[in-house]
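**Q** Let me give you the structure first, and then I'll get to my questions.
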Amino acid sequence: MQLDSIDVKILQLIQENAQLTIKEIARQINLSMTPTHDRIKRLEQEEIIEKYVTILNRKKLGNPLMVYCSITLDKQQKNQFVEFEEAIRQYPEVIECCIVSGNYDYLIKVIAKDMEAYNDFYQRKLSALASVAHISSSFVMSEVKTTTVIPL
């Protein structure tokens, strides 16, 4: 799908504030409400807009600890990848998981209320997976940049 400058402006606006009304968006892009609504619906139908979410403050909700774990599986076989991924999807502590190239197979982002909670997750869940051969944990000391905004 080809995006024009108005589509881009709409996307920029709703990336910053998904609660903007059609009326507010229309005013900011100098269009009437109907074509603005039609454009947004088209962007949704084309799945350029995947969903609307609310970003919560994990620290205020009791999960100030963030850890990146680099994980190597015992064997790089399809069944082990599937088994690992199915397990990871069940763990609410894991908020992101990516297959990566390089020295590790996966990079996961874990949140926890404290070191004790992370250690419990590490010992009872993550290292208990039969397919996991090695885990390297890196603890976030300070977040320099956190955004969900995609450059357009």
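Naming works like this for the structure tokens: A, B, ... for the chains as they're shown, residue 1 at the start of each chain, ligands 1 onward in shown order.
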What residues in chain A get the DSSP label strand (DSSP E)? Please answer as a PyMOL selection string.
**A** chain A and resi 65-73+94-99+106-112+132-139
**Q** Given the selection you just returned, output its residues as a file containing N, CA, C and O atoms, formatted as a CSV table (one decimal), in the first residue's frame.
**A**
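Writing the result to again.csv gives the following:
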```csv
chain,number,residue,atom,x,y,z
A,65,LEU,N,12.3,-4.2,37.9
A,65,LEU,CA,13.4,-4.9,37.4
A,65,LEU,C,13.2,-5.3,36.0
A,65,LEU,O,12.2,-6.0,35.6
A,66,MET,N,14.2,-5.0,35.1
A,66,MET,CA,14.1,-5.5,33.7
A,66,MET,C,15.4,-6.2,33.4
A,66,MET,O,16.5,-5.7,33.7
A,67,VAL,N,15.3,-7.3,32.7
A,67,VAL,CA,16.4,-8.2,32.4
A,67,VAL,C,16.3,-8.7,31.0
A,67,VAL,O,15.3,-9.1,30.5
A,68,TYR,N,17.5,-8.6,30.3
A,68,TYR,CA,17.6,-9.2,28.9
A,68,TYR,C,18.3,-10.5,29.1
A,68,TYR,O,19.4,-10.5,29.7
A,69,CYS,N,17.7,-11.5,28.6
A,69,CYS,CA,18.3,-12.9,28.7
A,69,CYS,C,18.7,-13.4,27.3
A,69,CYS,O,17.8,-13.4,26.4
A,70,SER,N,19.9,-13.7,27.1
A,70,SER,CA,20.4,-14.3,25.8
A,70,SER,C,20.4,-15.8,26.1
A,70,SER,O,21.0,-16.3,27.0
A,71,ILE,N,19.7,-16.5,25.2
A,71,ILE,CA,19.4,-17.9,25.5
A,71,ILE,C,19.9,-18.8,24.3
A,71,ILE,O,19.7,-18.5,23.1
A,72,THR,N,20.7,-19.8,24.6
A,72,THR,CA,21.1,-20.8,23.6
A,72,THR,C,20.4,-22.1,23.9
A,72,THR,O,20.4,-22.6,25.0
A,73,LEU,N,19.9,-22.7,22.9
A,73,LEU,CA,19.2,-24.0,23.0
A,73,LEU,C,20.3,-25.1,22.9
A,73,LEU,O,21.3,-24.9,22.3
A,94,VAL,N,7.8,-12.6,30.7
A,94,VAL,CA,8.5,-12.4,29.4
A,94,VAL,C,7.6,-11.5,28.6
A,94,VAL,O,6.5,-11.8,28.2
A,95,ILE,N,8.1,-10.3,28.3
A,95,ILE,CA,7.3,-9.3,27.5
A,95,ILE,C,7.8,-9.2,26.1
A,95,ILE,O,7.0,-8.6,25.3
A,96,GLU,N,8.9,-9.7,25.8
A,96,GLU,CA,9.4,-9.8,24.4
A,96,GLU,C,10.3,-11.0,24.2
A,96,GLU,O,11.0,-11.4,25.1
A,97,CYS,N,10.2,-11.6,23.0
A,97,CYS,CA,11.1,-12.7,22.7
A,97,CYS,C,11.4,-12.7,21.2
A,97,CYS,O,10.4,-12.6,20.4
A,98,CYS,N,12.6,-12.7,20.8
A,98,CYS,CA,13.1,-12.7,19.4
A,98,CYS,C,14.1,-13.7,19.2
A,98,CYS,O,14.9,-14.0,20.0
A,99,ILE,N,14.0,-14.4,18.0
A,99,ILE,CA,15.0,-15.2,17.5
A,99,ILE,C,16.1,-14.3,17.0
A,99,ILE,O,15.8,-13.4,16.2
A,106,TYR,N,18.0,-16.9,21.1
A,106,TYR,CA,16.9,-16.0,21.5
A,106,TYR,C,17.4,-14.9,22.4
A,106,TYR,O,18.3,-15.1,23.2
A,107,LEU,N,16.7,-13.8,22.3
A,107,LEU,CA,16.8,-12.7,23.2
A,107,LEU,C,15.5,-12.4,23.8
A,107,LEU,O,14.5,-12.2,23.0
A,108,ILE,N,15.3,-12.5,25.1
A,108,ILE,CA,14.1,-12.3,25.8
A,108,ILE,C,14.2,-11.1,26.7
A,108,ILE,O,15.3,-10.8,27.3
A,109,LYS,N,13.1,-10.4,26.9
A,109,LYS,CA,13.0,-9.3,27.8
A,109,LYS,C,12.1,-9.7,28.9
A,109,LYS,O,10.9,-10.0,28.7
A,110,VAL,N,12.6,-9.6,30.1
A,110,VAL,CA,11.9,-10.1,31.3
A,110,VAL,C,11.7,-9.0,32.3
A,110,VAL,O,12.6,-8.2,32.5
A,111,ILE,N,10.5,-8.9,32.9
A,111,ILE,CA,10.3,-7.9,34.0
A,111,ILE,C,9.9,-8.7,35.2
A,111,ILE,O,9.3,-9.8,35.2
A,112,ALA,N,10.3,-8.1,36.4
A,112,ALA,CA,10.1,-8.7,37.7
A,112,ALA,C,10.0,-7.7,38.7
A,112,ALA,O,10.5,-6.5,38.6
A,132,VAL,N,16.9,-25.7,26.9
A,132,VAL,CA,17.8,-24.6,27.2
A,132,VAL,C,19.2,-25.1,27.7
A,132,VAL,O,19.3,-25.8,28.6
A,133,ALA,N,20.2,-24.7,26.9
A,133,ALA,CA,21.6,-25.1,27.3
A,133,ALA,C,22.3,-24.0,28.0
A,133,ALA,O,23.1,-24.3,28.9
A,134,HIS,N,22.0,-22.7,27.7
A,134,HIS,CA,22.8,-21.6,28.3
A,134,HIS,C,21.9,-20.3,28.4
A,134,HIS,O,21.2,-20.0,27.4
A,135,ILE,N,22.0,-19.7,29.5
A,135,ILE,CA,21.3,-18.4,29.7
A,135,ILE,C,22.3,-17.4,30.2
A,135,ILE,O,23.0,-17.6,31.2
A,136,SER,N,22.3,-16.2,29.6
A,136,SER,CA,23.1,-15.1,30.0
A,136,SER,C,22.2,-13.9,30.3
A,136,SER,O,21.5,-13.5,29.4
A,137,SER,N,22.2,-13.5,31.6
A,137,SER,CA,21.3,-12.4,32.0
A,137,SER,C,22.0,-11.1,32.1
A,137,SER,O,23.1,-11.0,32.6
A,138,SER,N,21.4,-10.0,31.5
A,138,SER,CA,21.9,-8.7,31.6
A,138,SER,C,20.9,-7.8,32.2
A,138,SER,O,19.8,-7.7,31.7
A,139,PHE,N,21.2,-7.2,33.4
A,139,PHE,CA,20.2,-6.4,34.1
A,139,PHE,C,20.3,-4.9,33.7
A,139,PHE,O,21.4,-4.3,33.6
```
**Q** Just want the 12 Å neighbourhood of Glu24 in chain A, counted on only C-alpha atoms, with same-chain residues fewer than 6 positions away dropped. Output as a tab-separated table (two decimals) with N, CA and C atoms, in the first residue's frame.
**A**
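Just written: out.tsv:
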```tsv
chain	number	residue	atom	x	y	z
A	10	ILE	N	-1.36	11.13	9.76
A	10	ILE	CA	-2.32	10.41	10.62
A	10	ILE	C	-1.59	9.39	11.48
A	13	LEU	N	0.40	11.05	14.26
A	13	LEU	CA	-0.47	11.55	15.32
A	13	LEU	C	-0.94	10.42	16.23
A	14	ILE	N	-1.43	9.33	15.65
A	14	ILE	CA	-1.98	8.28	16.51
A	14	ILE	C	-0.90	7.43	17.18
A	17	ASN	N	-0.54	9.51	20.26
A	17	ASN	CA	-1.72	9.53	21.12
A	17	ASN	C	-2.87	8.81	20.43
A	18	ALA	N	-3.07	7.56	20.76
A	18	ALA	CA	-4.12	6.75	20.12
A	18	ALA	C	-5.51	7.13	20.60
A	30	ASN	N	-6.16	18.96	8.48
A	30	ASN	CA	-6.93	19.84	7.59
A	30	ASN	C	-7.80	19.08	6.60
A	31	LEU	N	-8.51	18.07	7.11
A	31	LEU	CA	-9.50	17.33	6.32
A	31	LEU	C	-10.80	17.30	7.12
A	32	SER	N	-11.88	17.01	6.44
A	32	SER	CA	-13.14	16.83	7.16
A	32	SER	C	-13.13	15.45	7.83
A	33	MET	N	-14.12	15.21	8.69
A	33	MET	CA	-14.12	13.98	9.47
A	33	MET	C	-14.33	12.73	8.63
A	36	THR	N	-11.17	11.58	6.81
A	36	THR	CA	-10.21	11.19	7.84
A	36	THR	C	-10.57	9.81	8.37
A	37	HIS	N	-11.84	9.61	8.69
A	37	HIS	CA	-12.31	8.30	9.17
A	37	HIS	C	-12.05	7.22	8.13
```
**Q** Please list as a ChimeraX atom specification every residue within 12 Å of range 48-57 of chain A, counting only C-alpha atoms and excluding residues in the same chain fewer than 4 positions away.
**A** /A:1-3,7-8,10-12,14-20,39-44,61-64,111,146-148,150,152
**Q** In Å to one decimal, how far is CA of Ala128 in chain A from CA of Val82 in chain A?
**A**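 One can read the CA of Val82 in chain A to CA of Ala128 in chain A distance as 15.8 Å.
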**Q** In terms of the shortest atom-to-atom distance over only C-alpha atoms, which of A:Ser101, A:Gln80, A:Gln28, A:Thr34 is closest to Ser131 in chain A?
**A** A:Gln80
**Q** Could you work out how far CA of Arg58 in chain A lies from CA of Thr21 in chain A, giving the answer in Å with one decimal?
**A**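 Atom-to-atom, CA of Thr21 in chain A to CA of Arg58 in chain A, that is 26.6 Å.
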**Q** Work out how far CA of Val140 in chain A is from CA of Ala87 in chain A, in Å to one decimal.
**A**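 Taking CA of Ala87 in chain A as the start and CA of Val140 in chain A as the end point, the length is 23.7 Å.
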**Q** Under the rule that only C-alpha atoms are counted, which of A:Ile29, A:Lys60, A:Lys113, A:Leu126 is the nearest residue to Tyr91 in chain A?
**A**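 Ranking A:Ile29, A:Lys60, A:Lys113, A:Leu126 by distance to Tyr91 in chain A, first place goes to A:Leu126.
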**Q** Name the residues of chain A that fall into alpha helix (DSSP H) according to DSSP on the backbone, using the chain letters and numbers of this document, as JSON, numbers by chain.
**A** {"A": [5, 6, 7, 8, 9, 10, 11, 12, 13, 14, 15, 16, 22, 23, 24, 25, 26, 27, 28, 29, 33, 34, 35, 36, 37, 38, 39, 40, 41, 42, 43, 44, 45, 78, 79, 80, 81, 82, 83, 84, 85, 86, 87, 88, 89, 115, 116, 117, 118, 119, 120, 121]}
**Q** Nearest residue to Glu93 in chain A out of A:Asp105, A:Asn79, A:Asp120, A:Ile6, using only C-alpha atoms?
**A**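 Closest to Glu93 in chain A of all the choices is A:Asp120.
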**Q** Return the single residue from A:Ser5, A:Ser127, A:Asn119, A:Gln45 that is closest to Asp74 in chain A, with distances computed using only C-alpha atoms.
**A**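 Nearest candidate to Asp74 in chain A out of A:Ser5, A:Ser127, A:Asn119, A:Gln45: A:Ser127.
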